[in-house]
$ cat work.cif   # mmCIF, C-alpha atoms
data_upload
#
loop_
_atom_site.label_atom_id
_atom_site.label_comp_id
_atom_site.auth_asym_id
_atom_site.auth_seq_id
_atom_site.Cartn_x
_atom_site.Cartn_y
_atom_site.Cartn_z
CA MET A 29 20.50 33.50 31.16
CA SER A 30 17.68 35.55 32.48
CA LYS A 31 16.17 37.09 29.38
CA GLN A 32 14.14 34.45 27.52
CA LEU A 33 12.08 35.09 24.41
CA ASP A 34 9.42 32.70 23.23
CA LEU A 35 10.42 31.18 19.92
CA VAL A 36 7.93 30.85 17.11
CA GLN A 37 7.12 27.18 16.72
CA GLY A 38 9.52 25.47 14.33
CA THR A 39 12.12 28.21 14.65
CA LEU A 40 14.38 26.22 16.95
CA ASP A 41 15.15 23.69 14.22
CA LEU A 42 16.10 26.52 11.87
CA LEU A 43 18.36 28.10 14.49
CA ILE A 44 20.12 24.80 15.18
CA LEU A 45 20.62 24.12 11.47
CA LYS A 46 22.09 27.61 11.04
CA ALA A 47 24.36 27.24 14.09
CA VAL A 48 25.85 23.92 12.98
CA SER A 49 26.16 25.16 9.40
CA LEU A 50 28.90 27.49 10.65
CA GLY A 51 30.95 24.55 11.90
CA PRO A 52 30.61 21.36 13.98
CA LEU A 53 29.33 22.05 17.51
CA HIS A 54 28.49 20.04 20.63
CA GLY A 55 25.04 20.53 22.18
CA TYR A 56 26.14 23.16 24.68
CA GLY A 57 28.11 24.87 21.91
CA VAL A 58 24.93 25.15 19.81
CA LEU A 59 23.31 26.96 22.72
CA LEU A 60 26.24 29.37 23.09
CA ARG A 61 26.49 29.94 19.32
CA ILE A 62 22.82 30.95 19.06
CA GLN A 63 23.25 33.28 22.02
CA GLN A 64 26.37 34.77 20.47
CA ILE A 65 24.79 35.32 17.03
CA SER A 66 21.68 36.90 18.56
CA GLY A 67 23.80 39.29 20.63
CA LYS A 68 22.55 37.55 23.78
CA GLN A 69 19.03 38.73 23.03
CA LEU A 70 17.71 35.25 22.43
CA GLU A 71 17.85 32.34 24.81
CA ILE A 72 16.44 28.97 24.13
CA LEU A 73 15.18 26.53 26.72
CA GLN A 74 17.97 24.02 27.29
CA GLY A 75 15.44 21.24 27.82
CA SER A 76 14.11 21.83 24.26
CA LEU A 77 17.55 21.80 22.65
CA TYR A 78 18.42 18.11 22.95
CA PRO A 79 15.06 16.68 21.75
CA ALA A 80 15.39 18.98 18.73
CA LEU A 81 18.94 17.76 18.10
CA TYR A 82 17.84 14.10 18.30
CA ARG A 83 14.90 14.79 15.99
CA LEU A 84 17.09 16.50 13.40
CA GLU A 85 19.63 13.71 13.56
CA HIS A 86 16.90 11.10 13.23
CA THR A 87 15.59 12.78 10.08
CA GLY A 88 19.08 12.94 8.60
CA LEU A 89 19.43 16.73 8.58
CA ILE A 90 22.39 16.68 10.95
CA THR A 91 24.88 14.00 11.87
CA SER A 92 26.93 13.47 15.02
CA GLU A 93 30.40 12.29 15.90
CA TRP A 94 32.23 11.95 19.18
CA GLY A 95 35.32 14.11 19.52
CA GLU A 96 37.33 16.19 21.95
CA SER A 97 36.06 19.52 23.22
CA GLU A 98 38.04 22.73 23.76
CA ASN A 99 38.60 21.74 27.39
CA LYS A 100 39.89 18.30 26.38
CA ARG A 101 36.75 16.42 27.29
CA ARG A 102 34.88 13.86 25.24
CA ALA A 103 31.89 15.51 23.54
CA LYS A 104 29.39 14.76 20.82
CA PHE A 105 29.73 17.12 17.86
CA TYR A 106 26.91 17.84 15.43
CA SER A 107 27.38 18.92 11.82
CA LEU A 108 25.10 19.60 8.87
CA THR A 109 24.44 16.94 6.22
CA THR A 110 23.82 17.64 2.53
CA SER A 111 20.13 17.12 3.12
CA GLY A 112 20.29 19.50 6.10
CA ARG A 113 22.03 22.17 4.00
CA LYS A 114 19.25 21.97 1.42
CA GLN A 115 16.61 22.14 4.15
CA LEU A 116 18.32 25.15 5.73
CA LYS A 117 18.30 26.99 2.42
CA GLU A 118 14.58 26.31 1.99
CA GLU A 119 13.76 27.30 5.57
CA VAL A 120 15.75 30.54 5.34
CA SER A 121 13.97 31.46 2.13
CA LYS A 122 10.59 30.70 3.68
CA TRP A 123 11.45 32.67 6.81
CA ASN A 124 12.58 35.71 4.80
CA ARG A 125 9.37 35.72 2.80
CA THR A 126 7.29 35.47 5.98
CA ALA A 127 9.25 38.24 7.70
CA GLU A 128 8.91 40.49 4.66
CA MET A 129 5.18 39.89 4.51
CA MET A 130 4.73 40.49 8.25
CA ALA A 131 6.81 43.69 8.08
CA GLY A 132 4.65 44.93 5.21
CA ILE A 133 1.49 44.27 7.21
CA ILE A 134 2.50 45.71 10.57
CA ASN A 135 4.14 48.79 9.06
CA ALA A 136 1.19 49.62 6.84
CA THR A 137 -0.12 53.18 7.16
CA PRO A 138 -3.57 54.58 6.22
CA ASP A 139 -1.95 56.42 3.27
CA GLU A 140 -0.82 53.18 1.72
CA LEU A 141 -4.29 51.63 1.76
CA MET B 23 16.35 10.20 1.36
CA ARG B 24 14.75 11.37 4.62
CA LEU B 25 12.92 8.07 4.92
CA VAL B 26 16.16 6.14 4.50
CA ALA B 27 17.76 8.27 7.22
CA ARG B 28 14.80 7.64 9.54
CA ILE B 29 14.89 3.89 8.98
CA ARG B 30 18.65 3.80 9.49
CA SER B 31 18.31 5.85 12.68
CA LEU B 32 15.50 3.66 14.01
CA TRP B 33 17.47 0.52 13.23
CA ARG B 34 20.57 1.90 14.93
CA SER B 35 18.54 3.04 17.95
CA THR B 36 16.85 -0.35 18.26
CA VAL B 37 20.00 -2.44 17.88
CA HIS B 38 22.32 -0.18 19.91
CA ARG B 39 19.72 1.14 22.31
CA ASN B 40 21.73 0.66 25.52
CA GLN B 41 24.84 2.19 24.01
CA LEU B 42 22.87 5.22 22.79
CA GLU B 43 21.29 5.71 26.24
CA VAL B 44 24.77 5.69 27.81
CA GLU B 45 26.04 8.15 25.19
CA MET B 46 23.07 10.38 25.91
CA ASP B 47 23.93 10.38 29.62
CA ASP B 48 27.53 11.29 28.75
CA GLU B 49 26.35 14.13 26.54
CA LEU B 50 24.02 15.56 29.19
CA ARG B 51 26.73 15.23 31.84
CA PHE B 52 29.10 17.14 29.58
CA HIS B 53 26.45 19.84 29.19
CA LEU B 54 25.89 20.11 32.97
CA ASP B 55 29.62 20.28 33.71
CA HIS B 56 30.20 22.92 31.05
CA ARG B 57 27.27 25.01 32.21
CA THR B 58 28.32 24.71 35.86
CA GLU B 59 31.85 25.88 34.98
CA ASP B 60 30.46 28.88 33.08
CA LEU B 61 28.21 29.83 36.01
CA ILE B 62 31.15 29.55 38.45
CA LYS B 63 33.23 31.77 36.15
CA ALA B 64 30.37 34.27 36.26
CA GLY B 65 30.58 34.33 40.08
CA THR B 66 27.96 31.78 41.09
CA PRO B 67 29.00 29.59 44.08
CA LEU B 68 29.66 25.91 43.22
CA GLY B 69 26.55 24.46 44.92
CA GLU B 70 24.26 27.08 43.46
CA ALA B 71 25.87 26.70 40.00
CA LYS B 72 25.23 22.93 40.01
CA ARG B 73 21.64 23.40 41.12
CA GLN B 74 20.98 26.08 38.50
CA ALA B 75 22.56 24.06 35.68
CA LYS B 76 20.35 21.07 36.53
CA ALA B 77 17.24 23.25 36.78
CA GLU B 78 17.90 24.87 33.40
CA LEU B 79 18.39 21.55 31.65
CA GLY B 80 15.30 19.98 33.23
CA SER B 81 14.50 16.37 34.03
CA ILE B 82 17.01 13.86 32.65
CA THR B 83 14.30 11.17 32.63
CA ALA B 84 12.07 13.42 30.53
CA LEU B 85 14.95 14.04 28.11
CA HIS B 86 15.47 10.30 27.75
CA ASP B 87 11.75 9.99 26.92
CA ASP B 88 12.07 12.79 24.37
CA PHE B 89 15.03 11.01 22.82
CA ARG B 90 13.07 7.77 22.50
CA GLU B 91 10.14 9.62 20.97
CA ALA B 92 12.37 11.51 18.54
CA VAL B 93 13.92 8.31 17.16
CA GLY B 94 10.67 6.31 17.16
CA LEU B 95 11.63 4.01 20.03
CA ARG B 96 8.76 5.14 22.21
CA PHE B 97 6.19 3.56 19.94
CA ILE B 98 8.14 0.30 19.86
CA GLY B 99 8.51 0.36 23.65
CA GLU B 100 4.81 1.01 24.21
CA PHE B 101 3.84 -1.64 21.69
CA GLY B 102 6.13 -4.13 23.45
CA ALA B 103 4.66 -3.23 26.85
CA ASP B 104 1.10 -3.61 25.52
CA PHE B 105 2.00 -6.93 23.95
CA ARG B 106 3.55 -8.26 27.18
CA TYR B 107 0.51 -7.09 29.16
CA ALA B 108 -1.87 -8.79 26.71
CA ALA B 109 0.19 -12.00 26.86
CA SER B 110 0.08 -12.04 30.66
CA VAL B 111 -3.72 -11.48 30.63
CA PHE B 112 -4.11 -14.33 28.15
CA ARG B 113 -2.02 -16.62 30.34
CA ARG B 114 -4.13 -15.83 33.38
CA THR B 115 -7.47 -16.28 31.58
CA PRO B 116 -6.97 -18.83 28.77
CA THR B 117 -10.72 -19.33 28.17
CA LEU B 118 -11.26 -15.64 27.59
CA ALA B 119 -8.21 -15.60 25.31
CA ALA B 120 -9.53 -18.54 23.29
CA VAL B 121 -12.96 -16.90 22.89
CA ALA B 122 -11.40 -13.58 21.89
CA ILE B 123 -9.08 -15.18 19.32
CA LEU B 124 -11.87 -17.34 17.92
CA THR B 125 -14.23 -14.37 17.65
CA LEU B 126 -11.60 -12.35 15.82
CA ALA B 127 -10.76 -15.26 13.50
CA VAL B 128 -14.40 -15.88 12.60
CA GLY B 129 -15.06 -12.15 12.16
CA ILE B 130 -12.04 -11.64 9.91
CA ALA B 131 -12.79 -14.77 7.89
CA ALA B 132 -16.44 -13.81 7.37
CA THR B 133 -15.59 -10.24 6.40
CA THR B 134 -12.85 -11.36 4.02
CA THR B 135 -15.16 -13.88 2.38
CA VAL B 136 -17.96 -11.35 1.91
CA PHE B 137 -15.61 -8.75 0.49
CA GLY B 138 -14.06 -11.37 -1.77
CA TRP B 139 -17.46 -12.28 -3.16
CA ILE B 140 -18.49 -8.66 -3.61
CA ASP B 141 -15.23 -7.93 -5.37
CA GLY B 142 -15.57 -10.97 -7.61
CA LEU B 143 -19.27 -10.62 -8.36
CA VAL B 144 -19.74 -6.86 -8.52
CA LEU B 145 -16.48 -4.92 -8.70
CA HIS B 146 -14.22 -7.15 -10.82
CA PRO B 147 -16.28 -10.01 -12.27
CA PHE B 148 -13.66 -10.59 -14.95
CA ARG B 149 -10.40 -10.14 -13.05
CA GLY B 150 -7.56 -9.92 -15.50
CA ALA B 151 -9.66 -8.36 -18.26
CA THR B 152 -8.70 -4.97 -19.68
CA ASP B 153 -10.72 -2.20 -18.04
CA ASP B 154 -13.44 -4.46 -16.62
CA GLY B 155 -15.09 -1.37 -15.11
CA GLN B 156 -16.53 -0.68 -18.57
CA LEU B 157 -18.42 -3.97 -18.61
CA ALA B 158 -22.16 -3.99 -18.13
CA VAL B 159 -24.54 -6.85 -17.59
CA LEU B 160 -27.15 -7.24 -20.27
CA GLU B 161 -30.54 -8.44 -19.11
CA SER B 162 -33.93 -8.68 -20.70
CA VAL B 163 -37.09 -7.15 -19.34
CA ARG B 164 -40.18 -8.87 -20.62
CA THR B 165 -43.24 -6.93 -21.74
CA SER B 166 -44.85 -8.07 -18.49
CA GLY B 167 -42.13 -6.12 -16.63
CA VAL B 168 -40.41 -9.24 -15.30
CA GLN B 169 -36.64 -9.00 -15.38
CA ASP B 170 -34.83 -11.86 -17.02
CA PRO B 171 -31.07 -11.89 -16.51
CA ASN B 172 -30.67 -14.50 -19.24
CA VAL B 173 -30.18 -13.68 -22.89
CA SER B 174 -30.43 -16.18 -25.74
CA TYR B 175 -27.80 -16.47 -28.44
CA ALA B 176 -30.34 -15.42 -31.05
CA ASP B 177 -31.29 -12.36 -28.97
CA CYS B 178 -27.62 -11.58 -28.57
CA ARG B 179 -27.12 -11.47 -32.32
CA ASP B 180 -30.07 -9.12 -32.65
CA PHE B 181 -28.69 -6.87 -29.94
CA GLU B 182 -25.27 -6.88 -31.53
CA ASP B 183 -26.75 -5.78 -34.84
CA SER B 184 -28.90 -3.02 -33.38
CA LEU B 185 -26.94 -1.63 -30.39
CA ARG B 186 -24.52 1.14 -31.26
CA SER B 187 -23.39 2.19 -27.76
CA ILE B 188 -21.42 -0.97 -27.06
CA SER B 189 -18.12 -2.11 -28.49
CA GLY B 190 -18.68 -5.80 -27.91
CA LEU B 191 -21.27 -8.22 -26.68
CA LEU B 192 -20.27 -11.57 -25.28
CA LEU B 193 -22.13 -14.51 -23.85
CA ASN B 194 -21.00 -16.90 -21.18
CA GLN B 195 -22.36 -19.75 -19.15
CA HIS B 196 -20.77 -21.96 -16.54
CA VAL B 197 -20.95 -25.69 -16.91
CA PRO B 198 -19.47 -28.42 -14.77
CA ALA B 199 -17.28 -30.59 -16.94
CA SER B 200 -15.21 -33.73 -16.91
CA VAL B 201 -11.92 -33.25 -18.74
CA GLY B 202 -10.22 -36.38 -20.10
CA ASP B 203 -11.32 -39.99 -19.88
CA GLY B 204 -11.40 -42.85 -17.40
CA GLU B 205 -9.12 -42.70 -14.39
CA HIS B 206 -7.46 -39.57 -15.66
CA ALA B 207 -10.66 -37.55 -15.81
CA TYR B 208 -10.42 -34.20 -14.15
CA SER B 209 -13.38 -32.37 -12.69
CA ALA B 210 -13.48 -28.72 -13.65
CA TRP B 211 -15.74 -25.80 -14.36
CA PHE B 212 -15.89 -24.70 -17.95
CA GLU B 213 -17.27 -21.48 -19.24
CA VAL B 214 -19.09 -21.83 -22.52
CA VAL B 215 -18.62 -18.54 -24.31
CA SER B 216 -19.26 -16.72 -27.54
CA GLY B 217 -16.36 -16.59 -29.97
CA ASN B 218 -15.56 -12.94 -29.34
CA TYR B 219 -15.18 -13.53 -25.57
CA PHE B 220 -11.43 -12.90 -25.24
CA ASP B 221 -11.36 -10.08 -27.78
CA ALA B 222 -14.22 -8.28 -26.03
CA LEU B 223 -12.45 -8.60 -22.67
CA GLY B 224 -9.07 -7.63 -24.08
CA VAL B 225 -7.39 -10.79 -22.77
CA LYS B 226 -4.36 -12.10 -24.63
CA PRO B 227 -3.39 -15.76 -24.19
CA ILE B 228 0.12 -16.55 -22.94
CA LEU B 229 0.25 -19.55 -25.24
CA GLY B 230 -1.47 -20.07 -28.57
CA ARG B 231 -4.38 -17.92 -29.61
CA THR B 232 -8.03 -17.17 -28.96
CA PHE B 233 -10.82 -18.11 -31.35
CA THR B 234 -10.70 -17.21 -35.00
CA ARG B 235 -13.72 -16.17 -37.01
CA ASP B 236 -13.84 -19.63 -38.59
CA GLU B 237 -14.30 -21.29 -35.23
CA TYR B 238 -17.60 -19.85 -34.19
CA GLY B 239 -20.88 -18.88 -35.66
CA ASP B 240 -22.04 -20.38 -38.93
CA ARG B 241 -18.52 -21.20 -40.10
CA ALA B 242 -17.62 -23.40 -37.13
CA LYS B 243 -16.64 -26.97 -37.89
CA ALA B 244 -15.22 -28.20 -34.59
CA PHE B 245 -15.07 -27.34 -30.92
CA THR B 246 -12.10 -25.40 -29.70
CA ALA B 247 -11.04 -24.31 -26.22
CA VAL B 248 -8.78 -21.83 -24.49
CA ILE B 249 -7.90 -23.38 -21.16
CA SER B 250 -7.03 -21.63 -17.93
CA TYR B 251 -3.46 -21.35 -16.74
CA ARG B 252 -4.36 -23.44 -13.70
CA LEU B 253 -5.84 -26.28 -15.75
CA TRP B 254 -2.77 -26.20 -17.96
CA GLN B 255 -0.48 -26.45 -14.93
CA ASP B 256 -2.51 -28.93 -12.86
CA TYR B 257 -3.85 -31.34 -15.43
CA PHE B 258 -1.48 -30.93 -18.36
CA ARG B 259 1.57 -30.26 -16.15
CA GLY B 260 2.44 -27.12 -18.08
CA ASP B 261 3.07 -29.11 -21.28
CA PRO B 262 4.34 -26.56 -23.86
CA SER B 263 3.09 -28.78 -26.73
CA ILE B 264 -0.50 -28.63 -25.51
CA LEU B 265 -1.67 -26.58 -28.47
CA GLY B 266 -3.57 -28.60 -31.04
CA ARG B 267 -4.15 -31.48 -28.63
CA THR B 268 -7.65 -32.90 -28.60
CA VAL B 269 -9.22 -33.79 -25.24
CA HIS B 270 -12.62 -35.00 -24.20
CA VAL B 271 -14.69 -32.47 -22.33
CA ASN B 272 -17.99 -34.03 -21.28
CA ARG B 273 -17.37 -36.73 -23.93
CA LEU B 274 -17.08 -34.03 -26.58
CA GLN B 275 -13.88 -33.72 -28.61
CA VAL B 276 -12.38 -30.31 -28.05
CA THR B 277 -9.18 -28.97 -29.54
CA ILE B 278 -7.07 -26.76 -27.27
CA VAL B 279 -5.95 -23.65 -29.12
CA GLY B 280 -4.66 -21.43 -26.30
CA VAL B 281 -3.83 -20.94 -22.63
CA ALA B 282 -5.23 -17.90 -20.78
CA PRO B 283 -2.88 -15.75 -18.67
CA PRO B 284 -2.57 -16.75 -14.97
CA GLU B 285 -4.29 -13.59 -13.70
CA PHE B 286 -7.40 -14.26 -15.76
CA HIS B 287 -9.96 -16.57 -14.20
CA GLY B 288 -12.99 -15.86 -16.35
CA ARG B 289 -16.16 -14.85 -14.62
CA PHE B 290 -15.93 -15.21 -10.87
CA HIS B 291 -17.33 -18.48 -9.69
CA GLY B 292 -16.92 -20.26 -6.38
CA GLY B 293 -16.93 -23.61 -8.11
CA ARG B 294 -15.89 -26.97 -6.84
CA ASP B 295 -12.32 -27.00 -5.50
CA GLY B 296 -12.45 -23.23 -6.01
CA ARG B 297 -11.34 -23.80 -9.58
CA LEU B 298 -12.64 -21.97 -12.57
CA ASP B 299 -11.46 -23.18 -15.90
CA THR B 300 -12.18 -21.24 -18.99
CA GLY B 301 -13.22 -22.92 -22.19
CA ALA B 302 -15.18 -22.22 -25.29
CA THR B 303 -17.09 -23.92 -28.00
CA ASP B 304 -18.63 -22.69 -31.18
CA TRP B 305 -22.15 -21.36 -31.20
CA GLY B 306 -23.23 -21.82 -34.75
CA GLY B 307 -24.12 -24.56 -37.18
CA GLN B 308 -22.46 -27.30 -35.17
CA SER B 309 -24.35 -26.45 -32.05
CA ARG B 310 -26.76 -29.34 -32.20
CA ARG B 311 -23.84 -31.71 -31.87
CA ALA B 312 -22.65 -30.14 -28.70
CA GLU B 313 -23.38 -31.67 -25.35
CA PHE B 314 -22.76 -28.58 -23.34
CA PRO B 315 -26.02 -27.36 -21.91
CA GLY B 316 -26.99 -24.32 -23.83
CA ASN B 317 -25.52 -25.31 -27.15
CA ARG B 318 -28.27 -27.63 -28.15
CA GLN B 319 -30.74 -24.83 -28.38
CA ALA B 320 -28.46 -22.07 -29.46
CA GLU B 321 -30.96 -20.86 -31.97
CA THR B 322 -33.77 -20.77 -29.46
CA ARG B 323 -34.76 -17.46 -27.98
CA GLY B 324 -34.93 -17.35 -24.21
CA GLN B 325 -32.01 -19.72 -23.84
CA PRO B 326 -30.51 -19.17 -20.36
CA LEU B 327 -27.20 -17.51 -21.12
CA ARG B 328 -25.75 -14.51 -19.44
CA GLY B 329 -24.82 -11.52 -21.57
CA GLU B 330 -22.14 -8.97 -20.82
CA CYS B 331 -21.41 -5.99 -22.95
CA ARG B 332 -18.55 -3.52 -23.04
CA SER B 333 -19.95 -0.02 -23.13
CA ASP B 334 -18.35 2.77 -25.14
CA ASP B 335 -20.08 5.33 -23.01
CA SER B 336 -18.05 5.82 -19.84
CA ARG B 337 -20.88 7.86 -18.34
CA GLY B 338 -23.39 5.14 -18.97
CA SER B 339 -25.11 3.01 -16.40
CA PRO B 340 -23.12 -0.03 -15.34
CA ARG B 341 -26.16 -2.13 -16.11
CA ALA B 342 -27.64 -1.87 -19.54
CA ARG B 343 -31.25 -2.85 -19.56
CA LEU B 344 -32.77 -3.85 -22.83
CA SER B 345 -36.30 -4.87 -23.65
#
$ encode --input "work.cif" --output "structure tokens"
Amino acid sequence: MSKQLDLVQGTLDLLILKAVSLGPLHGYGVLLRIQQISGKQLEILQGSLYPALYRLEHTGLITSEWGESENKRRAKFYSLTTSGRKQLKEEVSKWNRTAEMMAGIINATPDEL
Amino acid sequence: MRLVARIRSLWRSTVHRNQLEVEMDDELRFHLDHRTEDLIKAGTPLGEAKRQAKAELGSITALHDDFREAVGLRFIGEFGADFRYAASVFRRTPTLAAVAILTLAVGIAATTTVFGWIDGLVLHPFRGATDDGQLAVLESVRTSGVQDPNVSYADCRDFEDSLRSISGLLLNQHVPASVGDGEHAYSAWFEVVSGNYFDALGVKPILGRTFTRDEYGDRAKAFTAVISYRLWQDYFRGDPSILGRTVHVNRLQVTIVGVAPPEFHGRFHGGRDGRLDTGATDWGGQSRRAEFPGNRQAETRGQPLRGECRSDDSRGSPRARLS
């Protein structure tokens, strides 16, 4: 984990919601899932992960349950709630609009003006 | 929905705080073990892998603080610590504590009283009336330029006939009164009002009625009253058959025709016992028989009565000055 990119503020919550939307995950699993989806291009600070998980659980966007991990150890698994699914949909839509707008701006050429 | 989730989470965190802290330790330990194993698989020596895993995760104490902040426990903890500190200071210096508490109590009481009076006198003089923000005080200005807040009944009738920008003009005056006779007499404040008082304020009685056209002005034959909810409860013990009963008010026979709603207290008045009881008499031909101050000279201009009018013009001045 050497290559770390700075995340835009608020993006971590979106990434966590997306990761757990694909299936219940423990905290470390969320980290690995984000790395896997990003093709190991994106690493998040582990110290930021857990506060974000607690915050999302507190606001009812995700829920947790203790279970057994793949290596037969007791672990806390997070999954998306109905409210979290709705929030994820809204956040994704907002993110896509922002990305589209930013792409339009930074790719603008003098001919287009 | 979010709010419910937050409250539920805060409640759970407060009640099961110790258990949640232990679970958090278990979760972080699981993370460290998993990360250490992955680093070892990648070729990192055991000691170095443990050190790196801990460094990447950061301070466990800081994570516990973040957890408390995320679920709202930090505020509760800090509030509790502040409260305990204040209590210990108070125990050590009781005189200072007594002075501080007394100062706060006097300050709060004085402020509350002043705001209560301002609210009652200026902002909502007729609490319980419909849209009392549209009410304006009518006052006379003499040709000499001297303001006179009092309006006579005769002047009122002239104003009512000539003013087109108001939807109603009412008169009221407070009088101390003795309700009932002998040992059962009850001291109260009555408000002597013009017959259109309740209609102009948009107040509907909870029992009985307000004054009919035959009960005031030139057609009046007897004195009638609408009593306050409090007087009804305190003196008449909430008697549902109160309507039509005749009682003596300042030795004058008055027939009770209605009971005002509990939220309506008439014009604000810090009267004796803090009570304000609303009543009414006629203002017309029978006025010379009345013993309420003000009624005897109802036909006299300059009689000290206070006039209030309901303005139709919402942009108008809250105080209508007439000369």
$ resolve_selection --input "work.cif" --expression "the PyMOL selection byres ((chain A) within 12 of (chain B))" --output "count of residues only"
52
$ resolve_selection --input "work.cif" --expression "the PyMOL selection byres ((chain B and resi 275) around 12)" --output "ChimeraX atom specification"
/B:200-203,243-247,266-274,276-278,303,311-314
$ atom_distance --input "work.cif" --atom1 "atom CA of Asp221 of chain B" --atom2 "atom CA of Ala199 of chain B"
23.9 Å
$ resolve_selection --input "work.cif" --expression "the PyMOL selection byres ((chain A and resi 49) around 10)" --output "list in words"
Leu43, Ile44, Leu45, Lys46, Ala47, Val48, Leu50, Gly51, Pro52, Leu53, Ile90, Tyr106, Ser107, Leu108, Thr109, Gly112, Arg113 and Leu116 of chain A
$ atom_distance --input "work.cif" --atom1 "atom CA of Gly204 of chain B" --atom2 "atom CA of Gln255 of chain B"
19.9 Å
$ atom_distance --input "work.cif" --atom1 "atom CA of Val44 of chain B" --atom2 "atom CA of Phe101 of chain B"
23.0 Å
$ decode --input "work.cif" --residues "segment 219-231 of chain B" --atoms "N, CA and C atoms" --output "PDB file, in the first residue's frame"
ATOM      1  N   TYR B 219     -67.343  43.688  21.300  1.00  0.00           N
ATOM      2  CA  TYR B 219     -65.994  43.304  21.749  1.00  0.00           C
ATOM      3  C   TYR B 219     -65.549  41.938  21.205  1.00  0.00           C
ATOM      4  N   PHE B 220     -66.326  40.900  21.468  1.00  0.00           N
ATOM      5  CA  PHE B 220     -65.917  39.554  21.069  1.00  0.00           C
ATOM      6  C   PHE B 220     -65.960  39.364  19.553  1.00  0.00           C
ATOM      7  N   ASP B 221     -66.958  39.993  18.917  1.00  0.00           N
ATOM      8  CA  ASP B 221     -67.048  39.863  17.458  1.00  0.00           C
ATOM      9  C   ASP B 221     -65.850  40.532  16.796  1.00  0.00           C
ATOM     10  N   ALA B 222     -65.486  41.713  17.314  1.00  0.00           N
ATOM     11  CA  ALA B 222     -64.355  42.441  16.720  1.00  0.00           C
ATOM     12  C   ALA B 222     -63.045  41.684  16.909  1.00  0.00           C
ATOM     13  N   LEU B 223     -62.921  40.959  18.016  1.00  0.00           N
ATOM     14  CA  LEU B 223     -61.683  40.209  18.277  1.00  0.00           C
ATOM     15  C   LEU B 223     -61.709  38.803  17.681  1.00  0.00           C
ATOM     16  N   GLY B 224     -62.879  38.403  17.197  1.00  0.00           N
ATOM     17  CA  GLY B 224     -62.990  37.068  16.605  1.00  0.00           C
ATOM     18  C   GLY B 224     -62.899  35.958  17.639  1.00  0.00           C
ATOM     19  N   VAL B 225     -63.396  36.211  18.832  1.00  0.00           N
ATOM     20  CA  VAL B 225     -63.343  35.204  19.908  1.00  0.00           C
ATOM     21  C   VAL B 225     -64.716  34.548  20.059  1.00  0.00           C
ATOM     22  N   LYS B 226     -64.707  33.214  19.990  1.00  0.00           N
ATOM     23  CA  LYS B 226     -65.963  32.469  20.144  1.00  0.00           C
ATOM     24  C   LYS B 226     -66.014  31.872  21.551  1.00  0.00           C
ATOM     25  N   PRO B 227     -67.123  32.011  22.248  1.00  0.00           N
ATOM     26  CA  PRO B 227     -67.207  31.430  23.596  1.00  0.00           C
ATOM     27  C   PRO B 227     -67.270  29.900  23.535  1.00  0.00           C
ATOM     28  N   ILE B 228     -66.787  29.252  24.594  1.00  0.00           N
ATOM     29  CA  ILE B 228     -66.870  27.779  24.603  1.00  0.00           C
ATOM     30  C   ILE B 228     -68.209  27.338  25.167  1.00  0.00           C
ATOM     31  N   LEU B 229     -68.881  28.273  25.815  1.00  0.00           N
ATOM     32  CA  LEU B 229     -70.197  27.968  26.377  1.00  0.00           C
ATOM     33  C   LEU B 229     -71.061  29.208  26.180  1.00  0.00           C
ATOM     34  N   GLY B 230     -72.289  29.008  25.738  1.00  0.00           N
ATOM     35  CA  GLY B 230     -73.189  30.147  25.591  1.00  0.00           C
ATOM     36  C   GLY B 230     -72.861  30.985  24.371  1.00  0.00           C
ATOM     37  N   ARG B 231     -72.988  32.282  24.534  1.00  0.00           N
ATOM     38  CA  ARG B 231     -72.856  33.185  23.390  1.00  0.00           C
ATOM     39  C   ARG B 231     -72.193  34.483  23.825  1.00  0.00           C
TER      40      ARG B 231
END
